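Undergrad: Below is input_31.tsv; it holds TSV, C-alpha atoms and all ligand atoms.
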```
chain	number	residue	atom	x	y	z
A	291	MET	CA	43.75	-66.65	-70.66
A	292	THR	CA	43.15	-63.41	-72.60
A	293	THR	CA	40.44	-60.91	-71.73
A	294	ARG	CA	38.59	-59.59	-74.79
A	295	TRP	CA	38.49	-55.82	-75.05
A	296	SER	CA	35.05	-54.28	-75.08
A	297	THR	CA	34.04	-50.70	-75.77
A	298	PRO	CA	33.54	-48.64	-72.61
A	299	PRO	CA	29.97	-47.22	-72.71
A	300	VAL	CA	31.32	-43.72	-72.13
A	301	LEU	CA	33.45	-43.97	-75.29
A	302	MET	CA	30.45	-45.10	-77.34
A	303	ARG	CA	28.45	-42.18	-75.97
A	304	VAL	CA	31.14	-39.61	-76.74
A	305	LEU	CA	31.50	-40.96	-80.30
A	306	ALA	CA	27.72	-40.92	-80.84
A	307	VAL	CA	27.47	-37.31	-79.67
A	308	LEU	CA	30.39	-36.39	-81.96
A	309	ALA	CA	28.51	-38.11	-84.81
A	310	VAL	CA	25.44	-35.92	-84.14
A	311	VAL	CA	27.60	-32.79	-84.06
A	312	GLY	CA	29.58	-33.86	-87.15
A	313	GLN	CA	26.57	-34.87	-89.28
A	314	GLY	CA	24.79	-31.61	-88.48
A	315	GLY	CA	27.96	-29.51	-88.53
A	316	ILE	CA	28.97	-30.60	-92.01
A	317	ALA	CA	25.66	-29.24	-93.38
A	318	VAL	CA	26.36	-25.93	-91.66
A	319	THR	CA	29.96	-25.59	-92.84
A	320	GLY	CA	28.81	-26.66	-96.32
A	321	ALA	CA	26.28	-23.81	-96.24
A	322	VAL	CA	28.98	-21.38	-95.06
A	323	VAL	CA	31.16	-22.43	-98.02
A	324	ARG	CA	28.18	-21.91	-100.33
A	325	VAL	CA	27.00	-18.52	-99.07
A	326	THR	CA	30.52	-17.07	-98.87
A	327	GLY	CA	31.38	-18.38	-102.36
A	328	SER	CA	34.42	-20.17	-100.91
A	329	GLY	CA	34.12	-23.38	-102.90
A	330	LEU	CA	37.45	-22.67	-104.59
A	331	GLY	CA	39.11	-21.25	-101.46
A	332	CYS	CA	41.51	-24.18	-101.63
A	333	PRO	CA	41.83	-24.94	-105.34
A	334	THR	CA	43.81	-28.19	-104.93
A	335	TRP	CA	43.35	-31.43	-102.97
A	336	PRO	CA	44.69	-32.66	-100.58
A	337	GLU	CA	46.92	-29.59	-100.51
A	338	CYS	CA	45.15	-26.26	-100.11
A	339	PHE	CA	47.63	-24.72	-102.55
A	340	PRO	CA	50.41	-26.50	-104.44
A	341	GLY	CA	53.13	-26.98	-101.83
A	342	SER	CA	50.97	-26.07	-98.82
A	343	LEU	CA	48.54	-28.28	-96.92
A	344	VAL	CA	47.11	-25.26	-95.10
A	345	PRO	CA	45.87	-21.82	-96.25
A	346	THR	CA	48.65	-19.51	-97.30
A	347	PRO	CA	48.76	-15.85	-98.44
A	348	ASN	CA	47.77	-15.73	-102.10
A	349	PRO	CA	47.01	-12.66	-104.21
A	350	GLU	CA	44.20	-14.42	-106.09
A	351	VAL	CA	42.22	-16.07	-103.27
A	352	ALA	CA	41.03	-14.12	-100.21
A	353	THR	CA	42.26	-15.47	-96.86
A	354	LEU	CA	38.68	-15.78	-95.57
A	355	HIS	CA	37.67	-18.00	-98.50
A	356	GLN	CA	40.72	-20.17	-97.95
A	357	TRP	CA	39.96	-20.66	-94.26
A	358	VAL	CA	36.27	-21.34	-94.84
A	359	GLU	CA	37.01	-24.05	-97.39
A	360	PHE	CA	39.90	-25.42	-95.31
A	361	SER	CA	37.69	-25.64	-92.18
A	362	ASN	CA	35.11	-27.56	-94.19
A	363	ARG	CA	37.82	-30.00	-95.28
A	364	LEU	CA	39.03	-30.41	-91.69
A	365	LEU	CA	35.50	-31.13	-90.47
A	366	THR	CA	35.00	-33.67	-93.26
A	367	ILE	CA	38.18	-35.49	-92.25
A	368	ALA	CA	37.16	-35.35	-88.57
A	369	LEU	CA	33.72	-36.72	-89.47
A	370	VAL	CA	35.23	-39.62	-91.41
A	371	VAL	CA	37.41	-40.49	-88.39
A	372	VAL	CA	34.44	-40.23	-86.01
A	373	VAL	CA	32.06	-42.38	-88.08
A	374	ALA	CA	34.75	-45.02	-88.61
A	375	ALA	CA	35.42	-45.03	-84.86
A	376	CYS	CA	31.65	-45.35	-84.23
A	377	VAL	CA	31.53	-48.55	-86.29
A	378	VAL	CA	34.59	-50.07	-84.60
A	379	ALA	CA	33.30	-49.11	-81.15
A	380	ALA	CA	29.81	-50.51	-81.89
A	381	VAL	CA	31.31	-53.82	-83.07
A	382	PHE	CA	33.17	-54.20	-79.77
A	383	VAL	CA	30.24	-53.34	-77.51
A	384	ARG	CA	29.53	-56.20	-75.08
A	385	PRO	CA	27.00	-57.67	-74.81
A	386	ARG	CA	26.39	-57.28	-78.55
A	387	ARG	CA	23.87	-54.65	-79.64
A	388	ARG	CA	22.34	-55.29	-83.06
A	389	ARG	CA	20.46	-52.02	-83.52
A	390	LEU	CA	23.40	-50.01	-82.23
A	391	ARG	CA	25.60	-51.65	-84.87
A	392	TRP	CA	23.15	-50.89	-87.65
A	393	LEU	CA	22.85	-47.28	-86.56
A	394	ALA	CA	26.64	-46.99	-86.37
A	395	ALA	CA	27.00	-48.58	-89.83
A	396	ALA	CA	24.55	-46.02	-91.26
A	397	MET	CA	26.98	-43.22	-90.35
A	398	PRO	CA	29.82	-44.03	-92.78
A	399	LEU	CA	27.29	-45.15	-95.43
A	400	GLY	CA	25.73	-41.71	-95.17
A	401	VAL	CA	29.10	-40.02	-95.48
A	402	VAL	CA	29.86	-42.06	-98.61
A	403	ALA	CA	26.43	-41.14	-100.04
A	404	GLN	CA	27.20	-37.48	-99.30
A	405	ALA	CA	30.60	-37.75	-101.00
A	406	VAL	CA	28.96	-39.23	-104.14
A	407	LEU	CA	26.25	-36.56	-104.09
A	408	GLY	CA	28.89	-33.89	-103.61
A	409	GLY	CA	30.68	-35.17	-106.73
A	410	ILE	CA	27.41	-35.17	-108.71
A	411	THR	CA	26.71	-31.64	-107.48
A	412	VAL	CA	30.02	-30.43	-108.89
A	413	LEU	CA	29.53	-32.39	-112.15
A	414	THR	CA	26.09	-30.83	-112.71
A	415	GLY	CA	27.56	-27.35	-112.20
A	416	LEU	CA	25.86	-26.93	-108.80
A	417	ALA	CA	22.38	-27.67	-110.19
A	418	TRP	CA	19.89	-26.55	-107.54
A	419	TYR	CA	18.25	-29.97	-107.15
A	420	THR	CA	21.61	-31.63	-106.39
A	421	VAL	CA	22.57	-28.90	-103.90
A	422	ALA	CA	19.19	-29.35	-102.20
A	423	ALA	CA	19.54	-33.15	-102.12
A	424	HIS	CA	23.09	-32.81	-100.75
A	425	PHE	CA	21.70	-30.80	-97.84
A	426	LEU	CA	18.61	-32.96	-97.28
A	427	VAL	CA	20.63	-36.20	-96.93
A	428	SER	CA	22.03	-34.71	-93.72
A	429	VAL	CA	18.54	-34.72	-92.19
A	430	PRO	CA	18.10	-38.53	-91.83
A	431	LEU	CA	21.78	-38.81	-90.89
A	432	VAL	CA	21.36	-36.40	-87.99
A	433	TRP	CA	18.19	-38.26	-86.97
A	434	LEU	CA	19.96	-41.65	-87.00
A	435	ALA	CA	22.95	-40.21	-85.12
A	436	VAL	CA	20.57	-39.05	-82.38
A	437	LEU	CA	19.12	-42.57	-82.17
A	438	LEU	CA	22.68	-43.91	-82.01
A	439	ALA	CA	23.33	-41.62	-79.05
A	440	ARG	CA	20.09	-42.80	-77.44
A	441	ASP	CA	21.18	-46.44	-77.76
A	442	ALA	CA	24.67	-45.59	-76.52
A	443	TRP	CA	23.08	-44.13	-73.38
A	444	ALA	CA	21.15	-47.37	-72.87
A	445	LEU	CA	24.33	-49.46	-72.75
A	446	GLY	CA	24.64	-51.23	-69.44
A	447	ARG	CA	21.02	-52.35	-69.53
A	448	ALA	CA	20.30	-56.06	-69.71
A	449	GLY	CA	18.96	-55.95	-73.27
A	450	GLU	CA	18.32	-53.71	-76.24
A	451	SER	CA	14.51	-53.85	-76.12
A	452	ARG	CA	12.59	-50.68	-75.45
A	453	VAL	CA	9.08	-49.95	-74.26
A	454	THR	CA	6.98	-46.94	-75.12
A	455	THR	CA	6.76	-44.21	-72.50
A	456	VAL	CA	3.72	-42.49	-74.03
A	457	PRO	CA	0.43	-43.67	-75.54
A	458	ARG	CA	0.25	-44.48	-79.26
A	459	ALA	CA	-1.57	-41.24	-80.07
A	460	VAL	CA	1.47	-39.21	-78.97
A	461	ARG	CA	3.84	-41.16	-81.19
A	462	GLY	CA	1.32	-40.97	-84.04
A	463	LEU	CA	1.12	-37.19	-83.75
A	464	LEU	CA	4.90	-37.01	-83.58
A	465	VAL	CA	5.18	-38.99	-86.82
A	466	VAL	CA	2.84	-36.49	-88.52
A	467	THR	CA	4.90	-33.61	-87.04
A	468	GLY	CA	8.07	-35.24	-88.38
A	469	VAL	CA	6.59	-35.55	-91.87
A	470	VAL	CA	5.63	-31.87	-91.83
A	471	LEU	CA	9.15	-31.02	-90.66
A	472	VAL	CA	10.56	-32.81	-93.70
A	473	ALA	CA	8.19	-30.83	-95.96
A	474	LEU	CA	9.29	-27.64	-94.19
A	475	LEU	CA	12.96	-28.48	-94.76
A	476	VAL	CA	12.36	-29.37	-98.41
A	477	ALA	CA	10.48	-26.10	-98.92
A	478	GLY	CA	13.43	-24.26	-97.32
A	479	THR	CA	15.84	-25.79	-99.82
A	480	LEU	CA	13.50	-24.69	-102.62
A	481	VAL	CA	13.63	-21.09	-101.35
A	482	THR	CA	17.42	-21.33	-101.40
A	483	SER	CA	17.31	-22.88	-104.89
A	484	ALA	CA	15.39	-19.88	-106.22
A	485	GLY	CA	17.38	-17.33	-104.20
A	486	PRO	CA	20.81	-15.75	-104.50
A	487	HIS	CA	22.68	-18.42	-102.47
A	488	ALA	CA	22.08	-21.38	-104.76
A	489	GLY	CA	25.79	-21.95	-105.32
A	490	ASP	CA	27.86	-20.02	-107.81
A	491	ALA	CA	26.84	-16.67	-109.34
A	492	ALA	CA	26.39	-18.40	-112.70
A	493	THR	CA	24.34	-21.33	-111.37
A	494	PRO	CA	20.89	-21.68	-113.00
A	495	ARG	CA	18.19	-21.08	-110.39
A	496	LEU	CA	14.87	-22.78	-109.78
A	497	ASP	CA	12.59	-20.43	-111.68
A	498	ALA	CA	9.22	-22.24	-111.77
A	499	LEU	CA	8.18	-20.23	-108.70
A	500	THR	CA	9.44	-16.93	-107.29
A	501	VAL	CA	11.31	-16.51	-104.00
A	502	PRO	CA	8.31	-14.75	-102.33
A	503	GLN	CA	5.98	-17.58	-103.41
A	504	LEU	CA	8.34	-20.27	-102.10
A	505	ALA	CA	9.09	-18.33	-98.90
A	506	THR	CA	5.33	-18.08	-98.29
A	507	LEU	CA	4.95	-21.83	-98.76
A	508	HIS	CA	7.93	-22.35	-96.42
A	509	ALA	CA	6.47	-20.06	-93.74
A	510	ASP	CA	3.00	-21.66	-94.14
A	511	LEU	CA	4.53	-25.05	-93.43
A	512	LEU	CA	6.14	-23.58	-90.32
A	513	CYS	CA	2.62	-22.52	-89.21
A	514	VAL	CA	1.40	-26.11	-89.73
A	515	PHE	CA	4.43	-27.40	-87.81
A	516	LEU	CA	3.78	-24.97	-84.95
A	517	GLY	CA	0.08	-25.88	-84.94
A	518	LEU	CA	1.00	-29.54	-84.56
A	519	LEU	CA	3.38	-28.67	-81.72
A	520	VAL	CA	0.56	-26.85	-79.94
A	521	GLY	CA	-1.65	-29.93	-80.32
A	522	LEU	CA	1.21	-32.12	-79.13
A	523	GLY	CA	1.69	-29.90	-76.08
A	524	PHE	CA	-1.95	-30.32	-75.08
A	525	LEU	CA	-1.79	-34.06	-75.69
A	526	LEU	CA	1.38	-34.46	-73.60
A	527	HIS	CA	-0.32	-32.56	-70.79
A	528	ALA	CA	-3.50	-34.63	-71.08
A	529	VAL	CA	-1.70	-37.97	-70.93
A	530	GLY	CA	0.70	-36.85	-68.17
A	531	ALA	CA	3.78	-37.55	-70.31
A	532	PRO	CA	7.01	-38.31	-68.43
A	533	ARG	CA	9.36	-35.45	-67.64
A	534	PRO	CA	12.07	-36.21	-70.28
A	535	VAL	CA	9.42	-36.03	-73.01
A	536	VAL	CA	8.01	-32.75	-71.69
A	537	VAL	CA	11.46	-31.16	-71.29
A	538	ARG	CA	12.51	-32.11	-74.82
A	539	PHE	CA	9.19	-30.90	-76.18
A	540	ARG	CA	9.76	-27.49	-74.57
A	541	VAL	CA	13.28	-27.27	-76.00
A	542	LEU	CA	11.87	-28.08	-79.45
A	543	VAL	CA	9.24	-25.34	-79.15
A	544	LEU	CA	11.90	-22.78	-78.16
A	545	ILE	CA	14.25	-23.76	-80.99
A	546	THR	CA	11.40	-23.72	-83.52
A	547	LEU	CA	10.28	-20.24	-82.46
A	548	ALA	CA	13.87	-18.93	-82.61
A	549	GLN	CA	14.38	-20.54	-86.03
A	550	GLY	CA	11.10	-19.12	-87.33
A	551	ALA	CA	12.03	-15.63	-86.11
A	552	LEU	CA	15.48	-15.95	-87.68
A	553	GLY	CA	13.89	-17.05	-90.97
A	554	GLY	CA	11.61	-14.01	-90.98
A	555	VAL	CA	14.45	-11.62	-90.17
A	556	GLN	CA	16.79	-13.03	-92.83
A	557	TYR	CA	14.00	-12.79	-95.42
A	558	ALA	CA	13.23	-9.18	-94.48
A	559	LEU	CA	16.95	-8.27	-94.60
A	560	GLY	CA	17.53	-9.80	-98.05
A	561	VAL	CA	19.17	-13.07	-96.90
A	562	PRO	CA	22.53	-11.83	-95.53
A	563	GLU	CA	25.16	-14.61	-95.54
A	564	VAL	CA	25.64	-14.84	-91.77
A	565	LEU	CA	21.93	-15.24	-91.09
A	566	VAL	CA	21.54	-17.84	-93.85
A	567	ALA	CA	24.32	-19.93	-92.28
A	568	LEU	CA	22.71	-19.54	-88.84
A	569	HIS	CA	19.37	-20.58	-90.36
A	570	VAL	CA	20.96	-23.81	-91.61
A	571	LEU	CA	22.34	-24.37	-88.09
A	572	GLY	CA	18.81	-23.79	-86.78
A	573	ALA	CA	17.41	-26.32	-89.28
A	574	MET	CA	19.87	-28.94	-88.00
A	575	LEU	CA	19.04	-28.11	-84.38
A	576	THR	CA	15.30	-28.40	-85.12
A	577	THR	CA	15.89	-31.79	-86.74
A	578	ALA	CA	18.11	-33.08	-83.93
A	579	THR	CA	15.71	-31.91	-81.23
A	580	THR	CA	12.70	-33.51	-82.95
A	581	ALA	CA	14.66	-36.77	-83.13
A	582	TRP	CA	15.68	-36.33	-79.47
A	583	LEU	CA	12.01	-35.90	-78.52
A	584	TRP	CA	11.09	-39.00	-80.53
A	585	ALA	CA	13.87	-40.89	-78.77
A	586	ALA	CA	12.28	-40.12	-75.39
A	587	THR	CA	8.99	-41.75	-76.39
A	588	THR	CA	10.59	-45.12	-75.70
A	589	ALA	CA	12.83	-46.21	-72.85
A	590	PRO	CA	14.98	-49.26	-72.17
A	591	VAL	CA	13.11	-52.10	-70.50
A	592	PRO	CA	13.63	-51.56	-66.78
A	593	ARG	CA	15.77	-54.13	-64.96
A	594	GLU	CA	13.00	-54.78	-62.44
A	595	PRO	CA	9.37	-54.96	-63.67
A	596	SER	CA	8.55	-52.53	-60.85
A	597	GLY	CA	11.52	-50.31	-61.69
A	598	GLY	CA	9.26	-47.26	-62.17
A	599	THR	CA	10.80	-45.52	-65.23
A	600	GLY	CA	7.42	-44.20	-66.25
A	601	ALA	CA	7.34	-46.71	-69.12
A	602	VAL	CA	3.94	-47.77	-70.43
A	603	ALA	CA	3.51	-51.53	-70.32
A	604	SER	CA	3.32	-52.30	-74.02
A	605	PRO	CA	5.09	-54.69	-76.37
A	606	ALA	CA	8.80	-54.04	-76.64
A	607	LEU	CA	9.94	-52.16	-79.72
A	608	SER	CA	12.86	-53.62	-81.53
A	609	ALA	CA	13.89	-50.68	-83.70
A	610	SER	CA	12.74	-47.11	-83.60
B	1	LIG	C1	11.40	-24.12	-87.93
B	1	LIG	C2	11.33	-23.26	-88.91
B	1	LIG	C3	12.19	-23.29	-90.14
B	1	LIG	C4	13.04	-24.28	-90.60
B	1	LIG	C5	13.35	-25.64	-89.98
B	1	LIG	C6	13.65	-23.76	-91.80
B	1	LIG	C7	14.54	-24.46	-92.60
B	1	LIG	C8	15.14	-23.98	-93.74
B	1	LIG	C9	16.04	-24.72	-94.58
B	1	LIG	C10	16.47	-26.16	-94.36
B	1	LIG	C11	16.43	-23.90	-95.58
B	1	LIG	C12	17.38	-24.27	-96.73
B	1	LIG	C13	18.79	-24.02	-96.36
B	1	LIG	C14	19.73	-24.42	-97.47
B	1	LIG	O1	19.33	-25.05	-98.45
B	1	LIG	O2	20.92	-24.11	-97.35
B	1	LIG	C15	15.77	-22.65	-95.41
B	1	LIG	C16	15.92	-21.55	-96.23
B	1	LIG	C17	15.24	-20.36	-96.07
B	1	LIG	N1	14.32	-20.06	-95.10
B	1	LIG	FE1	13.74	-21.26	-93.57
B	1	LIG	N2	13.17	-22.51	-92.06
B	1	LIG	C18	12.27	-22.16	-91.08
B	1	LIG	C19	11.53	-21.01	-90.99
B	1	LIG	C20	11.58	-19.95	-91.87
B	1	LIG	C21	10.70	-18.79	-91.87
B	1	LIG	C22	9.54	-18.53	-90.91
B	1	LIG	C23	11.09	-17.99	-92.89
B	1	LIG	C24	10.45	-16.68	-93.29
B	1	LIG	C25	9.98	-16.48	-94.47
B	1	LIG	C26	12.21	-18.62	-93.54
B	1	LIG	C27	12.91	-18.11	-94.61
B	1	LIG	C28	13.86	-18.77	-95.32
B	1	LIG	C29	14.55	-18.21	-96.47
B	1	LIG	C30	14.37	-16.81	-97.06
B	1	LIG	C31	15.42	-19.20	-96.92
B	1	LIG	C32	16.37	-19.10	-98.12
B	1	LIG	C33	17.72	-18.61	-97.64
B	1	LIG	C34	18.72	-18.61	-98.78
B	1	LIG	O3	18.64	-17.73	-99.63
B	1	LIG	O4	19.57	-19.52	-98.82
B	1	LIG	N3	12.47	-19.81	-92.91
B	1	LIG	N4	14.99	-22.72	-94.27
```
Is it possible to give me this structure as structure tokens?
Ligand code: HEM
TA:
Amino acid sequence: MTTRWSTPPVLMRVLAVLAVVGQGGIAVTGAVVRVTGSGLGCPTWPECFPGSLVPTPNPEVATLHQWVEFSNRLLTIALVVVVAACVVAAVFVRPRRRRLRWLAAAMPLGVVAQAVLGGITVLTGLAWYTVAAHFLVSVPLVWLAVLLARDAWALGRAGESRVTTVPRAVRGLLVVTGVVLVALLVAGTLVTSAGPHAGDAATPRLDALTVPQLATLHADLLCVFLGLLVGLGFLLHAVGAPRPVVVRFRVLVLITLAQGALGGVQYALGVPEVLVALHVLGAMLTTATTAWLWAATTAPVPREPSGGTGAVASPALSAS
């Protein structure tokens, strides 16, 4: 008799965490390529230069540009391997997990969508709206990767159902906060579209509004986001939210404040490349942490009804 192989939960967890890092990381390395003007650091594919798979001394292309572009290629390849492994691992999870499979399947689909968008971006000569869309697609992918990690952590439970750990009002306010975050991220890409780091020196910029006008809109949305976080903080306190929710909320507040400060500094300093790349990293961290907070508003159904996970007795959620 043969024993069927099943994915060890720890492997699924490691792959899910790598998916979070990869989906967020690719947006950051993409931004580094953009702000350093390294898009042609490796002018050929798959070789960096004719006859060399890796960067090599060349009088026409600076070594830094070569390595930046080459690192982006390496991360892309690593991400493809990770998302493919996520799908295979999710298929072999026992007992079967439907939502986990869907979340895993979304990872390679997202990478394909990014590849197509990347091609369109090049074909349109780095038009600002395609560059912005290319970045923004990473946002739902990071969010879904966080949910994948959440489900990977729940492996070993009897079923896939989850119950809410906080009252409806908290989740409702979090949805509103998430929507404002998306608006904040979109506004950020519009600032970039009008600014000096839109792609290539010759790329047409968004010129309907000026950088100061868009940066003001962007910062105003941060104020709305922070205001909602303050309200959320009071609400979590009032309802006696469980510790994981409170801890994640505090991490989100800290990351948001740091990201806001970084945004202000980079604006005041005339958007230096290093700070712009760090700001993109901060945007991904803000997204991932908001998703992580959302993930804590539900918990796997406890094995025993009296298991005491802090879960609110409410109908099980099948997908969120
Ligand atoms: C949680 C708070 C914030 C988030 C999540 C955020 C997010 C973003 C995002 C996603 C971008 C676009 C990056 C890209 O397309 O490559 C961006 C750009 C930008 N942000 Fe923010 N931002 C925040 C706060 C701020 C604040 C308070 C300021 C101050 C005015 C600011 C100034 C800028 C500037 C100047 C750019 C354009 C940089 C460039 O030229 O590429 N940000 N931000």
Undergrad: Can you tell me which residues sit at most 6 Å away from ligand LIG 1 (chain B), counting only C-alpha atoms and all ligand atoms, written as a ChimeraX atom specification?
TA: /A:321,422,475,478-479,481-482,485-487,505,509,512,546,549-550,553-554,557,561,566,570,573,576
Undergrad: Within 12 Å of range 431-436 of chain A, which residues of range 354-378 of chain A come that close, and what is the closest atom pair and distance in Å for each? Count only C-alpha atoms and give it as JSON lines.
TA:
```
{"residue": "A:Val372", "atom": "CA", "partner": "A:Ala435", "partner_atom": "CA", "distance": 11.5}
{"residue": "A:Val373", "atom": "CA", "partner": "A:Ala435", "partner_atom": "CA", "distance": 9.8}
{"residue": "A:Cys376", "atom": "CA", "partner": "A:Ala435", "partner_atom": "CA", "distance": 10.1}
```
Undergrad: For the residues in the current selection, export C-alpha atoms as a short mmCIF file (atom, residue, chain, number, x, y, z; two decimals), in the frame of the given file.
TA:
```cif
data_model
loop_
_atom_site.label_atom_id
_atom_site.label_comp_id
_atom_site.auth_asym_id
_atom_site.auth_seq_id
_atom_site.Cartn_x
_atom_site.Cartn_y
_atom_site.Cartn_z
CA VAL A 372 34.44 -40.23 -86.01
CA VAL A 373 32.06 -42.38 -88.08
CA CYS A 376 31.65 -45.35 -84.23
#
```
Undergrad: So how many Å separate CA of Ile367 in chain A and CA of Pro562 in chain A, to one decimal?
TA: 28.6 Å
Undergrad: Could the centre and edge lengths of an axis-aligned box, enclosing all atoms of range 297-308 of chain A in the file with 8 Å extra on each side, be given in Å to one decimal as AutoDock Vina command-line options?
TA:
```
--center_x 30.8 --center_y -43.5 --center_z -77.0 --size_x 22.6 --size_y 30.3 --size_z 25.8
```
Undergrad: Please compute the CA of Gly468 in chain A-CA of Thr366 in chain A distance, one decimal, in Å.
TA: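 We find that CA of Gly468 in chain A and CA of Thr366 in chain A lie 27.4 Å from each other.
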Undergrad: Can you work out the spacing between CA of Val537 in chain A and CA of Ala586 in chain A in Å, to one decimal?
TA: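 Distance between the two atoms: 9.9 Å.
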Undergrad: Counting all atoms listed in the file, figure out which residue out of A:Ile316, A:Leu542, A:Leu407, A:Val591 gets nearest to Gly523 in chain A.
TA: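 Among A:Ile316, A:Leu542, A:Leu407, A:Val591, it is A:Leu542 that comes nearest to Gly523 in chain A.
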Undergrad: With all atoms listed in the file as the counted atoms, please give the residues lying no more than 12 Å from Val402 in chain A, apart from itself and same-chain residues fewer than 6 positions off, as a PyMOL selection string.
TA: chain A and resi 366+369-370+373-374+395-396+408-409+424+427-428+431
Undergrad: Just write the chosen residues, C-alpha atoms, as an mmCIF file, in the coordinates of the input.
TA:
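So again-v5.cif came out as:
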```cif
data_model
loop_
_atom_site.group_PDB
_atom_site.id
_atom_site.type_symbol
_atom_site.label_atom_id
_atom_site.label_comp_id
_atom_site.auth_asym_id
_atom_site.auth_seq_id
_atom_site.Cartn_x
_atom_site.Cartn_y
_atom_site.Cartn_z
ATOM 1 C CA THR A 366 35.000 -33.670 -93.260
ATOM 2 C CA LEU A 369 33.720 -36.720 -89.470
ATOM 3 C CA VAL A 370 35.230 -39.620 -91.410
ATOM 4 C CA VAL A 373 32.060 -42.380 -88.080
ATOM 5 C CA ALA A 374 34.750 -45.020 -88.610
ATOM 6 C CA ALA A 395 27.000 -48.580 -89.830
ATOM 7 C CA ALA A 396 24.550 -46.020 -91.260
ATOM 8 C CA GLY A 408 28.890 -33.890 -103.610
ATOM 9 C CA GLY A 409 30.680 -35.170 -106.730
ATOM 10 C CA HIS A 424 23.090 -32.810 -100.750
ATOM 11 C CA VAL A 427 20.630 -36.200 -96.930
ATOM 12 C CA SER A 428 22.030 -34.710 -93.720
ATOM 13 C CA LEU A 431 21.780 -38.810 -90.890
#
```
Undergrad: Rank A:Leu354, A:Gly449, A:Ala548, A:Glu563 by their smallest atom-to-atom distance to Val325 in chain A, using all atoms listed in the file, and report the top residue only.
TA: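 The closest residue to Val325 in chain A is A:Glu563.
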Undergrad: Counting only C-alpha atoms, figure out which residue out of A:Gly331, A:Pro532, A:Pro298, A:Pro592 gets nearest to Thr346 in chain A.
TA: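 Distance minimum relative to Thr346 in chain A lands on A:Gly331.
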Undergrad: For Ala306 in chain A, which of A:Arg440, A:Gly462, A:Val429, A:Arg533 is the closest residue, counting all atoms listed in the file?
TA: A:Arg440
